[in-house]
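Enquirer: Structure file upload.txt (compact mmCIF, C-alpha atoms and all ligand atoms) is given on the next line.
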```txt
# COMPACT_ATOMS: atom_id res chain seq x y z
CA MET A 1 -40.21 -8.80 15.99
CA GLY A 2 -40.46 -5.18 17.10
CA GLY A 3 -37.86 -2.44 17.01
CA ILE A 4 -36.31 0.12 19.35
CA ARG A 5 -36.22 3.84 19.90
CA ILE A 6 -33.80 5.96 21.93
CA VAL A 7 -35.61 7.51 24.90
CA GLY A 8 -32.75 8.81 27.05
CA TRP A 9 -29.07 9.66 27.01
CA GLY A 10 -26.40 10.75 29.49
CA THR A 11 -22.68 11.18 29.96
CA ALA A 12 -19.99 11.19 32.64
CA LEU A 13 -16.52 12.67 32.38
CA PRO A 14 -13.79 12.75 35.03
CA ASP A 15 -13.13 16.16 36.65
CA LYS A 16 -9.42 16.16 35.89
CA VAL A 17 -8.55 17.97 32.66
CA ILE A 18 -5.22 17.44 30.91
CA THR A 19 -4.52 20.12 28.31
CA ASN A 20 -2.04 19.96 25.46
CA ALA A 21 0.02 22.50 27.44
CA ASP A 22 0.20 20.00 30.34
CA LEU A 23 1.51 17.35 27.94
CA GLU A 24 3.98 19.82 26.40
CA ALA A 25 5.46 20.27 29.86
CA ARG A 26 6.26 16.58 30.30
CA LEU A 27 6.66 15.09 26.80
CA ASP A 28 8.63 15.95 23.65
CA THR A 29 5.53 17.33 21.94
CA THR A 30 3.77 20.61 21.21
CA ASP A 31 0.21 21.90 21.38
CA GLU A 32 0.56 22.73 17.68
CA TRP A 33 1.52 19.14 16.73
CA ILE A 34 -1.31 17.58 18.74
CA THR A 35 -3.95 20.04 17.51
CA GLU A 36 -2.89 19.85 13.86
CA ARG A 37 -2.41 16.06 13.73
CA SER A 38 -5.37 15.00 15.86
CA GLY A 39 -7.69 17.95 16.61
CA ILE A 40 -7.47 17.21 20.36
CA ARG A 41 -7.00 20.20 22.69
CA GLU A 42 -7.75 18.67 26.07
CA ARG A 43 -8.92 15.37 27.55
CA ARG A 44 -10.33 14.08 30.86
CA VAL A 45 -8.72 11.35 32.96
CA GLY A 46 -9.59 9.63 36.22
CA GLY A 47 -12.04 7.28 37.91
CA THR A 48 -12.83 3.71 37.08
CA THR A 49 -14.80 2.28 34.18
CA THR A 50 -17.53 1.33 36.69
CA GLU A 51 -17.76 4.82 38.23
CA LEU A 52 -17.99 6.52 34.85
CA ALA A 53 -20.52 3.97 33.55
CA VAL A 54 -22.71 4.43 36.63
CA GLY A 55 -22.64 8.22 36.19
CA ALA A 56 -23.62 8.04 32.52
CA GLY A 57 -26.19 5.30 33.13
CA ARG A 58 -27.88 7.23 35.93
CA ALA A 59 -28.07 10.37 33.78
CA ALA A 60 -29.56 8.44 30.85
CA LEU A 61 -32.21 6.82 33.08
CA ALA A 62 -33.13 10.22 34.55
CA LYS A 63 -33.50 11.69 31.04
CA ALA A 64 -35.74 8.73 30.08
CA GLY A 65 -37.78 9.18 33.26
CA LEU A 66 -37.08 5.59 34.32
CA GLU A 67 -36.09 3.95 37.59
CA PRO A 68 -33.36 1.30 37.81
CA THR A 69 -36.11 -1.26 38.42
CA ASN A 70 -37.53 -0.50 34.95
CA VAL A 71 -34.34 -1.70 33.22
CA ASP A 72 -34.67 -5.16 31.65
CA LEU A 73 -31.15 -5.51 30.21
CA LEU A 74 -27.74 -3.88 30.71
CA VAL A 75 -25.12 -3.87 27.95
CA LEU A 76 -21.75 -2.34 28.78
CA ALA A 77 -19.40 -1.66 25.87
CA THR A 78 -15.85 -1.43 27.17
CA THR A 79 -12.34 -2.36 26.20
CA THR A 80 -10.96 -1.33 29.61
CA PRO A 81 -12.79 -3.49 32.18
CA ASP A 82 -11.98 -2.86 35.85
CA GLN A 83 -11.26 -6.55 36.49
CA ALA A 84 -10.53 -9.58 34.32
CA VAL A 85 -13.32 -11.37 36.17
CA PRO A 86 -16.15 -10.65 36.75
CA ALA A 87 -17.43 -8.53 33.90
CA THR A 88 -17.58 -4.82 34.75
CA SER A 89 -21.33 -4.88 34.05
CA ALA A 90 -21.66 -6.82 37.34
CA ALA A 91 -20.34 -3.87 39.37
CA VAL A 92 -22.27 -1.35 37.27
CA SER A 93 -25.51 -3.29 37.72
CA HIS A 94 -24.98 -3.51 41.48
CA GLU A 95 -24.11 0.18 41.87
CA LEU A 96 -27.13 1.25 39.82
CA GLY A 97 -29.46 -1.16 41.64
CA LEU A 98 -30.55 -3.05 38.53
CA HIS A 99 -32.36 -6.38 38.68
CA CYS A 100 -31.88 -7.78 35.19
CA GLY A 101 -29.42 -9.57 32.95
CA GLY A 102 -26.30 -7.80 31.78
CA PHE A 103 -23.03 -8.35 29.96
CA ASP A 104 -19.88 -6.63 28.69
CA LEU A 105 -19.14 -6.33 25.01
CA ASN A 106 -15.62 -5.63 23.76
CA ALA A 107 -15.38 -4.46 20.17
CA ALA A 108 -12.93 -1.63 20.99
CA CYS A 109 -14.01 1.70 19.48
CA ALA A 110 -16.79 0.02 17.49
CA GLY A 111 -18.19 -1.34 20.77
CA PHE A 112 -21.03 1.12 21.21
CA VAL A 113 -22.52 0.47 17.76
CA TYR A 114 -21.96 -3.30 18.14
CA SER A 115 -23.85 -3.08 21.46
CA LEU A 116 -26.63 -1.01 19.93
CA VAL A 117 -27.19 -3.65 17.27
CA ALA A 118 -26.97 -6.55 19.75
CA ALA A 119 -29.31 -4.88 22.25
CA SER A 120 -31.81 -3.95 19.56
CA GLY A 121 -32.06 -7.58 18.54
CA MET A 122 -32.81 -8.54 22.16
CA ALA A 123 -35.35 -5.79 22.88
CA THR A 124 -38.48 -7.82 22.39
CA GLY A 125 -40.89 -9.78 24.57
CA HIS A 126 -40.11 -9.19 28.25
CA ILE A 127 -37.11 -6.95 27.46
CA ARG A 128 -38.62 -3.49 27.11
CA ASN A 129 -35.96 -1.08 28.42
CA VAL A 130 -32.26 -1.59 27.71
CA LEU A 131 -29.53 0.49 29.31
CA LEU A 132 -26.63 0.68 26.88
CA ILE A 133 -23.40 2.23 28.17
CA GLY A 134 -19.98 2.82 26.61
CA SER A 135 -17.41 3.44 29.33
CA GLU A 136 -13.61 3.56 29.22
CA THR A 137 -10.55 4.36 31.28
CA LEU A 138 -7.97 4.28 28.51
CA SER A 139 -5.61 6.35 30.69
CA ARG A 140 -4.90 3.11 32.60
CA VAL A 141 -3.64 1.33 29.47
CA THR A 142 -1.76 4.34 28.09
CA ASP A 143 2.00 4.72 28.49
CA TRP A 144 2.23 8.35 29.59
CA GLU A 145 5.89 8.41 28.49
CA ASP A 146 4.96 7.49 24.90
CA ARG A 147 4.13 10.70 23.03
CA SER A 148 2.63 8.81 20.09
CA THR A 149 -0.29 7.52 22.19
CA ALA A 150 -0.35 9.65 25.39
CA VAL A 151 -1.66 12.66 23.49
CA LEU A 152 -4.64 10.73 22.10
CA PHE A 153 -6.35 8.49 24.67
CA ALA A 154 -8.58 9.43 27.62
CA ASP A 155 -11.49 8.46 29.88
CA GLY A 156 -15.26 8.95 29.82
CA ALA A 157 -18.65 7.32 29.46
CA GLY A 158 -21.85 7.81 27.49
CA ALA A 159 -25.14 5.96 27.70
CA VAL A 160 -28.49 5.65 25.99
CA VAL A 161 -31.76 4.00 27.00
CA LEU A 162 -33.39 1.93 24.27
CA GLN A 163 -37.07 1.14 24.47
CA ALA A 164 -38.78 -1.68 22.59
CA VAL A 165 -41.59 -0.50 20.31
CA GLU A 166 -44.16 -2.12 18.07
CA GLY A 167 -43.23 -2.12 14.39
CA PRO A 168 -39.83 -1.60 12.78
CA GLY A 169 -38.60 1.08 15.21
CA ASP A 170 -35.76 3.54 14.69
CA LEU A 171 -32.77 1.33 13.89
CA LEU A 172 -33.08 1.41 10.11
CA GLY A 173 -29.97 -0.51 9.07
CA TRP A 174 -26.52 -1.47 10.22
CA ASP A 175 -23.21 -3.04 9.31
CA LEU A 176 -20.73 -4.88 11.55
CA GLY A 177 -17.24 -6.01 10.57
CA LEU A 178 -14.10 -7.60 11.97
CA ASP A 179 -10.73 -8.36 10.37
CA GLY A 180 -8.62 -10.20 12.95
CA SER A 181 -5.58 -10.30 10.68
CA LEU A 182 -5.14 -6.61 11.63
CA ARG A 183 -4.74 -7.32 15.37
CA PRO A 184 -1.03 -6.34 15.33
CA ILE A 185 -1.62 -2.71 14.27
CA LEU A 186 -3.45 -1.82 17.49
CA TYR A 187 -3.40 -3.83 20.71
CA ALA A 188 -2.67 -3.93 24.44
CA ASP A 189 -1.43 -7.12 26.07
CA LEU A 190 -2.95 -8.09 29.42
CA GLY A 191 -1.42 -5.72 31.97
CA GLY A 192 0.32 -3.76 29.21
CA PHE A 193 -0.08 -0.50 27.34
CA ILE A 194 -1.68 0.33 23.99
CA VAL A 195 0.68 -0.22 21.06
CA MET A 196 -0.36 1.37 17.78
CA GLU A 197 0.89 1.79 14.23
CA GLY A 198 -0.76 5.19 13.94
CA ARG A 199 -0.32 5.78 10.23
CA GLU A 200 -1.63 2.31 9.28
CA VAL A 201 -4.61 2.59 11.67
CA PHE A 202 -5.37 5.99 10.13
CA ARG A 203 -5.38 4.65 6.58
CA ARG A 204 -7.55 1.64 7.45
CA ALA A 205 -9.88 3.68 9.68
CA VAL A 206 -10.90 6.03 6.88
CA ARG A 207 -11.57 3.12 4.53
CA ALA A 208 -13.47 1.08 7.15
CA THR A 209 -15.63 4.05 8.17
CA VAL A 210 -16.54 4.93 4.59
CA GLU A 211 -17.26 1.36 3.47
CA SER A 212 -19.19 0.44 6.61
CA ALA A 213 -21.22 3.66 6.67
CA THR A 214 -22.03 3.23 2.96
CA GLN A 215 -23.23 -0.33 3.61
CA ALA A 216 -25.44 0.77 6.54
CA LEU A 217 -26.89 3.61 4.46
CA ARG A 218 -27.62 1.25 1.57
CA ARG A 219 -29.31 -1.30 3.84
CA SER A 220 -31.39 1.51 5.37
CA GLY A 221 -32.47 2.85 2.00
CA VAL A 222 -31.11 6.25 3.02
CA SER A 223 -28.71 8.53 1.12
CA ALA A 224 -25.88 10.51 2.75
CA ASP A 225 -27.74 13.72 1.82
CA GLU A 226 -30.60 12.67 4.08
CA ILE A 227 -28.36 12.27 7.14
CA ALA A 228 -28.98 15.16 9.56
CA LEU A 229 -26.07 14.20 11.81
CA PHE A 230 -23.00 12.00 11.29
CA VAL A 231 -21.66 10.74 14.64
CA PRO A 232 -18.27 9.13 13.96
CA HIS A 233 -15.86 7.58 16.43
CA GLN A 234 -13.83 10.42 17.92
CA ALA A 235 -10.23 9.38 17.26
CA ASN A 236 -8.79 12.07 15.00
CA ILE A 237 -10.37 15.08 13.29
CA ARG A 238 -8.47 14.26 10.10
CA ILE A 239 -10.03 10.76 9.99
CA ILE A 240 -13.47 12.32 10.59
CA ASP A 241 -12.96 14.94 7.87
CA ALA A 242 -11.56 12.44 5.35
CA ALA A 243 -14.45 10.03 5.93
CA GLY A 244 -17.04 12.83 5.87
CA GLN A 245 -15.62 14.17 2.64
CA ARG A 246 -15.79 10.76 0.95
CA LEU A 247 -19.31 10.16 2.24
CA GLY A 248 -20.42 13.64 1.18
CA ILE A 249 -21.30 14.77 4.72
CA PRO A 250 -19.81 18.17 5.67
CA ARG A 251 -18.46 19.13 9.11
CA GLU A 252 -21.66 21.18 9.79
CA ARG A 253 -23.61 17.91 9.87
CA THR A 254 -20.98 16.05 11.94
CA ALA A 255 -20.78 15.68 15.73
CA VAL A 256 -17.32 16.42 17.15
CA VAL A 257 -16.28 16.33 20.81
CA LEU A 258 -12.73 14.99 20.52
CA ASP A 259 -11.26 18.48 20.95
CA ARG A 260 -12.53 18.28 24.56
CA THR A 261 -12.51 14.52 25.23
CA GLY A 262 -9.67 12.92 23.25
CA ASN A 263 -10.24 9.34 22.09
CA THR A 264 -12.47 7.53 24.60
CA SER A 265 -13.00 4.37 22.50
CA SER A 266 -16.50 2.91 23.02
CA ALA A 267 -17.58 6.01 24.97
CA SER A 268 -16.82 8.38 22.12
CA ILE A 269 -19.95 7.90 19.96
CA PRO A 270 -22.46 8.20 22.84
CA LEU A 271 -20.52 11.22 24.17
CA ALA A 272 -20.75 12.92 20.76
CA LEU A 273 -24.40 11.93 20.31
CA ALA A 274 -25.39 13.25 23.75
CA ASP A 275 -23.45 16.46 23.17
CA ALA A 276 -25.35 17.07 19.92
CA ALA A 277 -28.71 16.21 21.51
CA ASP A 278 -28.06 18.52 24.48
CA ALA A 279 -27.00 21.30 22.11
CA GLY A 280 -30.37 21.05 20.32
CA ARG A 281 -28.81 19.77 17.10
CA LEU A 282 -31.32 16.89 16.80
CA SER A 283 -35.04 17.12 16.03
CA PRO A 284 -37.63 14.36 15.94
CA GLY A 285 -37.45 12.52 12.62
CA ASP A 286 -33.78 13.37 11.98
CA LEU A 287 -31.69 10.55 10.54
CA VAL A 288 -28.41 9.90 12.36
CA LEU A 289 -25.44 7.90 11.06
CA LEU A 290 -23.23 6.34 13.76
CA SER A 291 -19.91 4.83 12.68
CA GLY A 292 -17.02 3.43 14.67
CA PHE A 293 -13.77 1.54 14.03
CA GLY A 294 -11.21 0.16 16.41
CA ALA A 295 -8.77 -2.48 17.51
CA GLY A 296 -9.39 -5.90 16.00
CA MET A 297 -9.87 -4.27 13.60
CA THR A 298 -13.55 -3.87 14.16
CA TRP A 299 -15.96 -1.50 12.47
CA ALA A 300 -19.66 -0.85 12.89
CA SER A 301 -22.19 1.59 11.47
CA ALA A 302 -25.88 2.18 12.08
CA VAL A 303 -28.56 4.49 10.76
CA VAL A 304 -30.98 5.55 13.48
CA ARG A 305 -34.05 7.78 13.33
CA TRP A 306 -34.06 10.28 16.21
CA SER A 307 -37.49 10.37 17.77
CA ALA A 308 -36.70 11.37 21.37
N1 LIG A 401 4.42 15.09 19.27
C1 LIG A 401 5.34 15.41 18.33
N2 LIG A 401 5.75 14.57 17.39
C2 LIG A 401 5.20 13.34 17.36
C3 LIG A 401 4.23 12.93 18.31
C4 LIG A 401 3.87 13.87 19.29
N3 LIG A 401 2.93 13.61 20.23
N4 LIG A 401 3.87 11.66 18.04
C5 LIG A 401 4.58 11.28 16.97
N5 LIG A 401 5.38 12.29 16.55
C6 LIG A 401 6.28 12.31 15.41
C7 LIG A 401 6.66 10.95 14.93
O1 LIG A 401 7.72 10.43 15.67
C8 LIG A 401 7.04 11.22 13.47
O2 LIG A 401 8.35 11.71 13.44
P1 LIG A 401 9.35 11.30 12.22
O3 LIG A 401 8.66 11.84 10.99
O4 LIG A 401 10.59 11.99 12.60
O5 LIG A 401 9.38 9.81 12.26
C9 LIG A 401 6.11 12.37 13.08
O6 LIG A 401 5.63 12.93 14.31
C10 LIG A 401 4.93 11.93 12.24
O7 LIG A 401 4.37 10.77 12.82
P2 LIG A 401 3.14 10.04 12.17
O8 LIG A 401 2.77 8.88 13.03
O9 LIG A 401 3.38 9.78 10.74
O10 LIG A 401 2.03 11.18 12.27
P3 LIG A 401 0.57 11.18 11.74
O11 LIG A 401 0.34 12.39 10.94
O12 LIG A 401 0.19 9.85 11.14
O13 LIG A 401 -0.27 11.38 13.09
C11 LIG A 401 -1.51 10.00 14.62
C12 LIG A 401 -0.14 10.43 14.12
C13 LIG A 401 -2.17 11.22 15.25
C14 LIG A 401 -1.34 8.92 15.65
C15 LIG A 401 -2.37 9.50 13.44
O14 LIG A 401 -1.64 8.58 12.66
C16 LIG A 401 -3.65 8.84 13.87
O15 LIG A 401 -4.54 9.49 14.39
N6 LIG A 401 -3.79 7.53 13.61
C17 LIG A 401 -5.00 6.81 13.94
C18 LIG A 401 -5.05 6.61 15.39
C19 LIG A 401 -6.35 6.07 15.84
O16 LIG A 401 -7.39 6.37 15.28
N7 LIG A 401 -6.28 5.29 16.89
C20 LIG A 401 -7.40 4.89 17.56
C21 LIG A 401 -8.06 3.71 17.00
S1 LIG A 401 -9.41 3.35 17.99
C22 LIG A 401 -8.92 2.44 19.36
O17 LIG A 401 -8.84 1.31 19.28
C23 LIG A 401 -8.69 3.09 20.68
```
Can you give me the file's structure in the form of structure tokens?
Ligand code: ACO
Expert:
Amino acid sequence: MGGIRIVGWGTALPDKVITNADLEARLDTTDEWITERSGIRERRVGGTTTELAVGAGRAALAKAGLEPTNVDLLVLATTTPDQAVPATSAAVSHELGLHCGGFDLNAACAGFVYSLVAASGMATGHIRNVLLIGSETLSRVTDWEDRSTAVLFADGAGAVVLQAVEGPGDLLGWDLGLDGSLRPILYADLGGFIVMEGREVFRRAVRATVESATQALRRSGVSADEIALFVPHQANIRIIDAAGQRLGIPRERTAVVLDRTGNTSSASIPLALADAADAGRLSPGDLVLLSGFGAGMTWASAVVRWSA
């Protein structure tokens, strides 16, 4: 079996910005509370999961120098599909003009790393180019009257193009986990809003991130010191700092976009990765640690060599 490398990346964010000041005006909250407790200053809302996914997917294909006809597999990580049936990947595939297989994957905020691992395992034989997108419209499942969640969740999409290569490739090691007994601490019923026990999710998120990232590092034969960039799920700056501290990875080697994007679930890791790549923070050969956790609870980590 061969491996994969990342050959393109792209993002899409809605135009509409909601600042903490906007939320202050309509909820019993303050900019100070939101910034101190979460690190979020503004977020983007609007569009559909399909529209955002198409925008990010198109940008990633352009960066890779590929046409839609070159794509051999589409994987869409989302926890906010546009319809119950069919899968949102159907609309995304049609809008992008793809002619290949495709499916949705729902592992909440760990969805992008779950999809990366799944797609990497499939990128062999006739599947050479995989378009992997994380896209979310969490604003549609957020109760905008509930200050405990309205200040956190938002919309966006990020994508990467994976290319099959001879040899082991750039996915060096990974870890996936799921503990379904924790479903009650974070969920949305069909047609309902996100319900969350914030403090409990926080506690478990730090532990899951540290344990999962440590496992992925160990399986990759890589130490935390060798990681050039840590790209964690963008839920809360305090979770990111606590996990980074325990892993021994300082903020200078960590990708953070949540101040501008809020929590965009499966879009958050590709948004942060693309932001770092576009800012010139990644060089060929750099080792990148991706780690996400989310409703389920799910968690997923991967060590990837950057060779784009
Ligand atoms: N503005 C002002 N006060 C608020 C707000 C708000 N927006 N929200 C809650 N409060 C109040 C609470 O009512 C509480 O008041 P009390 O002490 O009088 O009861 C107080 O602030 C403290 O509340 P906590 O929930 O203990 O605050 P905490 O420091 O834990 O921060 C937060 C809350 C930001 C939600 C944090 O717990 C967190 O980030 N948890 C993890 C969330 C997360 O990662 N979710 C995403 C998972 S991924 C996914 O699936 C999408």
Enquirer: Have a look at A:Thr149, A:Asn129, A:Thr49, A:Thr209 and name the one nearest to ligand LIG 401 (chain A); count all atoms listed in the file.
Expert: A:Thr149
Enquirer: Given the point (-23.5, -9.0, 34.0) in the coordinates of this file, which residues lie within 6 Å, counting only C-alpha atoms, and how would they look as a PyMOL selection string?
Expert: chain A and resi 89-90+102-103
Enquirer: Keeping only C-alpha atoms, take the residues you just selected and write them out as a PDB file, in the frame of the given file.
Expert:
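Saved as result.pdb:
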```
ATOM      1  CA  SER A  89     -21.330  -4.880  34.050  1.00  0.00           C
ATOM      2  CA  ALA A  90     -21.660  -6.820  37.340  1.00  0.00           C
ATOM      3  CA  GLY A 102     -26.300  -7.800  31.780  1.00  0.00           C
ATOM      4  CA  PHE A 103     -23.030  -8.350  29.960  1.00  0.00           C
TER       5      PHE A 103
END
```
Enquirer: Once 5 Å is added on each side, what centre and edge lengths in Å to one decimal does the axis-aligned box around all listed atoms of ligand LIG 401 (chain A) have, as lines of an AutoDock Vina configuration file?
Expert:
```
center_x = 0.6
center_y = 8.4
center_z = 15.7
size_x = 30.0
size_y = 24.1
size_z = 19.9
```
Enquirer: Could you report the residues within 8 Å of ligand LIG 401 (chain A), using only C-alpha atoms and all ligand atoms, as a JSON list (two decimals) with C-alpha atoms, in the coordinates of the input?
Expert:
```json
[["chain", "number", "residue", "atom", "x", "y", "z"],
["A", 27, "LEU", "CA", 6.66, 15.09, 26.80],
["A", 28, "ASP", "CA", 8.63, 15.95, 23.65],
["A", 29, "THR", "CA", 5.53, 17.33, 21.94],
["A", 30, "THR", "CA", 3.77, 20.61, 21.21],
["A", 33, "TRP", "CA", 1.52, 19.14, 16.73],
["A", 34, "ILE", "CA", -1.31, 17.58, 18.74],
["A", 37, "ARG", "CA", -2.41, 16.06, 13.73],
["A", 38, "SER", "CA", -5.37, 15.00, 15.86],
["A", 108, "ALA", "CA", -12.93, -1.63, 20.99],
["A", 109, "CYS", "CA", -14.01, 1.70, 19.48],
["A", 138, "LEU", "CA", -7.97, 4.28, 28.51],
["A", 146, "ASP", "CA", 4.96, 7.49, 24.90],
["A", 147, "ARG", "CA", 4.13, 10.70, 23.03],
["A", 148, "SER", "CA", 2.63, 8.81, 20.09],
["A", 149, "THR", "CA", -0.29, 7.52, 22.19],
["A", 150, "ALA", "CA", -0.35, 9.65, 25.39],
["A", 151, "VAL", "CA", -1.66, 12.66, 23.49],
["A", 152, "LEU", "CA", -4.64, 10.73, 22.10],
["A", 153, "PHE", "CA", -6.35, 8.49, 24.67],
["A", 186, "LEU", "CA", -3.45, -1.82, 17.49],
["A", 187, "TYR", "CA", -3.40, -3.83, 20.71],
["A", 196, "MET", "CA", -0.36, 1.37, 17.78],
["A", 197, "GLU", "CA", 0.89, 1.79, 14.23],
["A", 198, "GLY", "CA", -0.76, 5.19, 13.94],
["A", 199, "ARG", "CA", -0.32, 5.78, 10.23],
["A", 200, "GLU", "CA", -1.63, 2.31, 9.28],
["A", 201, "VAL", "CA", -4.61, 2.59, 11.67],
["A", 202, "PHE", "CA", -5.37, 5.99, 10.13],
["A", 203, "ARG", "CA", -5.38, 4.65, 6.58],
["A", 205, "ALA", "CA", -9.88, 3.68, 9.68],
["A", 233, "HIS", "CA", -15.86, 7.58, 16.43],
["A", 235, "ALA", "CA", -10.23, 9.38, 17.26],
["A", 236, "ASN", "CA", -8.79, 12.07, 15.00],
["A", 238, "ARG", "CA", -8.47, 14.26, 10.10],
["A", 239, "ILE", "CA", -10.03, 10.76, 9.99],
["A", 263, "ASN", "CA", -10.24, 9.34, 22.09],
["A", 264, "THR", "CA", -12.47, 7.53, 24.60],
["A", 265, "SER", "CA", -13.00, 4.37, 22.50],
["A", 293, "PHE", "CA", -13.77, 1.54, 14.03],
["A", 294, "GLY", "CA", -11.21, 0.16, 16.41],
["A", 295, "ALA", "CA", -8.77, -2.48, 17.51],
["A", 296, "GLY", "CA", -9.39, -5.90, 16.00]]
```
Enquirer: Can you check which parts of region 119-201 of chain A lie within 9 Å of region 266-278 of chain A? Per residue, the shortest pair of atoms and distance in Å to one decimal, counting only C-alpha atoms, sorted by chain and number, as JSON lines.
Expert:
```
{"residue": "A:Ile133", "atom": "CA", "partner": "A:Ala267", "partner_atom": "CA", "distance": 7.6}
{"residue": "A:Gly134", "atom": "CA", "partner": "A:Ala267", "partner_atom": "CA", "distance": 4.3}
{"residue": "A:Ser135", "atom": "CA", "partner": "A:Ala267", "partner_atom": "CA", "distance": 5.1}
{"residue": "A:Glu136", "atom": "CA", "partner": "A:Ala267", "partner_atom": "CA", "distance": 6.3}
{"residue": "A:Asp155", "atom": "CA", "partner": "A:Ala267", "partner_atom": "CA", "distance": 8.2}
{"residue": "A:Gly156", "atom": "CA", "partner": "A:Ala267", "partner_atom": "CA", "distance": 6.1}
{"residue": "A:Ala157", "atom": "CA", "partner": "A:Ala267", "partner_atom": "CA", "distance": 4.8}
{"residue": "A:Gly158", "atom": "CA", "partner": "A:Pro270", "partner_atom": "CA", "distance": 4.7}
{"residue": "A:Ala159", "atom": "CA", "partner": "A:Pro270", "partner_atom": "CA", "distance": 6.0}
{"residue": "A:Val160", "atom": "CA", "partner": "A:Pro270", "partner_atom": "CA", "distance": 7.3}
```
Enquirer: For a quick check of understanding, using all atoms listed in the file, which of A:Leu290, A:Ala118, A:Ile40, A:Ile185 has the smallest distance to Val210 (chain A)?
Expert: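 Closest candidate: A:Leu290.
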Enquirer: Between A:Leu178, A:Met122, A:Leu229, A:Val288, which has the minimum distance to Ala110 (chain A) (counting only C-alpha atoms)?
Expert: A:Leu178
Enquirer: Which residues are close to Ser283 (chain A), i.e. within 9 Å by only C-alpha atoms, leaving aside same-chain residues fewer than 3 positions away? Reply as an MDAnalysis selection string.
Expert: chainID A and resid 277 280 286 306:308
Enquirer: Using all atoms listed in the file, which of A:Ala188, A:Ala60, A:Val75, A:Leu52 sits nearest Ala12 (chain A)?
Expert: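 Going through A:Ala188, A:Ala60, A:Val75, A:Leu52 one by one, the smallest distance to Ala12 (chain A) is for A:Leu52.
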Enquirer: Nearest to Pro184 (chain A): which of A:Ala56, A:Leu172, A:Met297, A:Ala242 is it, counting all atoms listed in the file?
Expert: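 For Pro184 (chain A), the nearest of the candidates is A:Met297.
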Enquirer: Of the candidates A:Val304, A:Arg204, A:Glu51, A:Ala59, which shows the shortest atom-to-atom distance to Leu182 (chain A), using all atoms listed in the file?
Expert: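 Going through A:Val304, A:Arg204, A:Glu51, A:Ala59 one by one, the smallest distance to Leu182 (chain A) is for A:Arg204.
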Enquirer: If I take CA of Gly47 (chain A) and CA of Val17 (chain A), how far is one from the other in Å, to one decimal?
Expert: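 CA of Gly47 (chain A) sits 12.4 Å away from CA of Val17 (chain A).
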Enquirer: Identify the residues around (-36.3, -6.3, 25.4) within a radius of 8 Å, measuring from all atoms listed in the file in the coordinates stated by the file, and give them as JSON, numbers by chain.
Expert: {"A": [72, 73, 119, 120, 122, 123, 124, 125, 126, 127, 128, 129, 130, 163, 164]}
Enquirer: Enter the distance from CA of Gly65 (chain A) to CA of Gly10 (chain A), in Å, rounded to one decimal.
Expert: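 About the pair CA of Gly65 (chain A) and CA of Gly10 (chain A): they are 12.1 Å apart.
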Enquirer: Between CA of Asn106 (chain A) and CA of Thr137 (chain A), what is the distance, to one decimal in Å?
Expert: 13.5 Å
Enquirer: Any idea what's packed within 7 Å of Val54 (chain A), counting only C-alpha atoms, ignoring anything in its chain fewer than 5 positions away? Could you give it as an mmCIF file with C-alpha atoms, in the coordinates of the input?
Expert:
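Written output follows (result23.cif):
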```cif
data_model
loop_
_atom_site.group_PDB
_atom_site.id
_atom_site.type_symbol
_atom_site.label_atom_id
_atom_site.label_comp_id
_atom_site.auth_asym_id
_atom_site.auth_seq_id
_atom_site.Cartn_x
_atom_site.Cartn_y
_atom_site.Cartn_z
ATOM 1 C CA VAL A 92 -22.270 -1.350 37.270
ATOM 2 C CA GLU A 95 -24.110 0.180 41.870
ATOM 3 C CA LEU A 96 -27.130 1.250 39.820
#
```
Enquirer: List the spatial neighbours of Arg253 (chain A) as a PyMOL selection string - criterion: any atom at most 8 Å away, only C-alpha atoms, same-chain residues fewer than 4 positions off excluded.
Expert: chain A and resi 227-230+249
Enquirer: Print the selection's residues with C-alpha atoms to a file, as a PDB file, in the coordinates of the input.
Expert:
```
ATOM      1  CA  ILE A 227     -28.360  12.270   7.140  1.00  0.00           C
ATOM      2  CA  ALA A 228     -28.980  15.160   9.560  1.00  0.00           C
ATOM      3  CA  LEU A 229     -26.070  14.200  11.810  1.00  0.00           C
ATOM      4  CA  PHE A 230     -23.000  12.000  11.290  1.00  0.00           C
ATOM      5  CA  ILE A 249     -21.300  14.770   4.720  1.00  0.00           C
TER       6      ILE A 249
END
```
Enquirer: So that I can check the surroundings of Ala87 (chain A), please list as a count of residues only every protein, DNA and RNA residue that reaches within 8 Å of it, counting all atoms listed in the file and ignoring chain neighbours fewer than 4 positions away.
Expert: 5
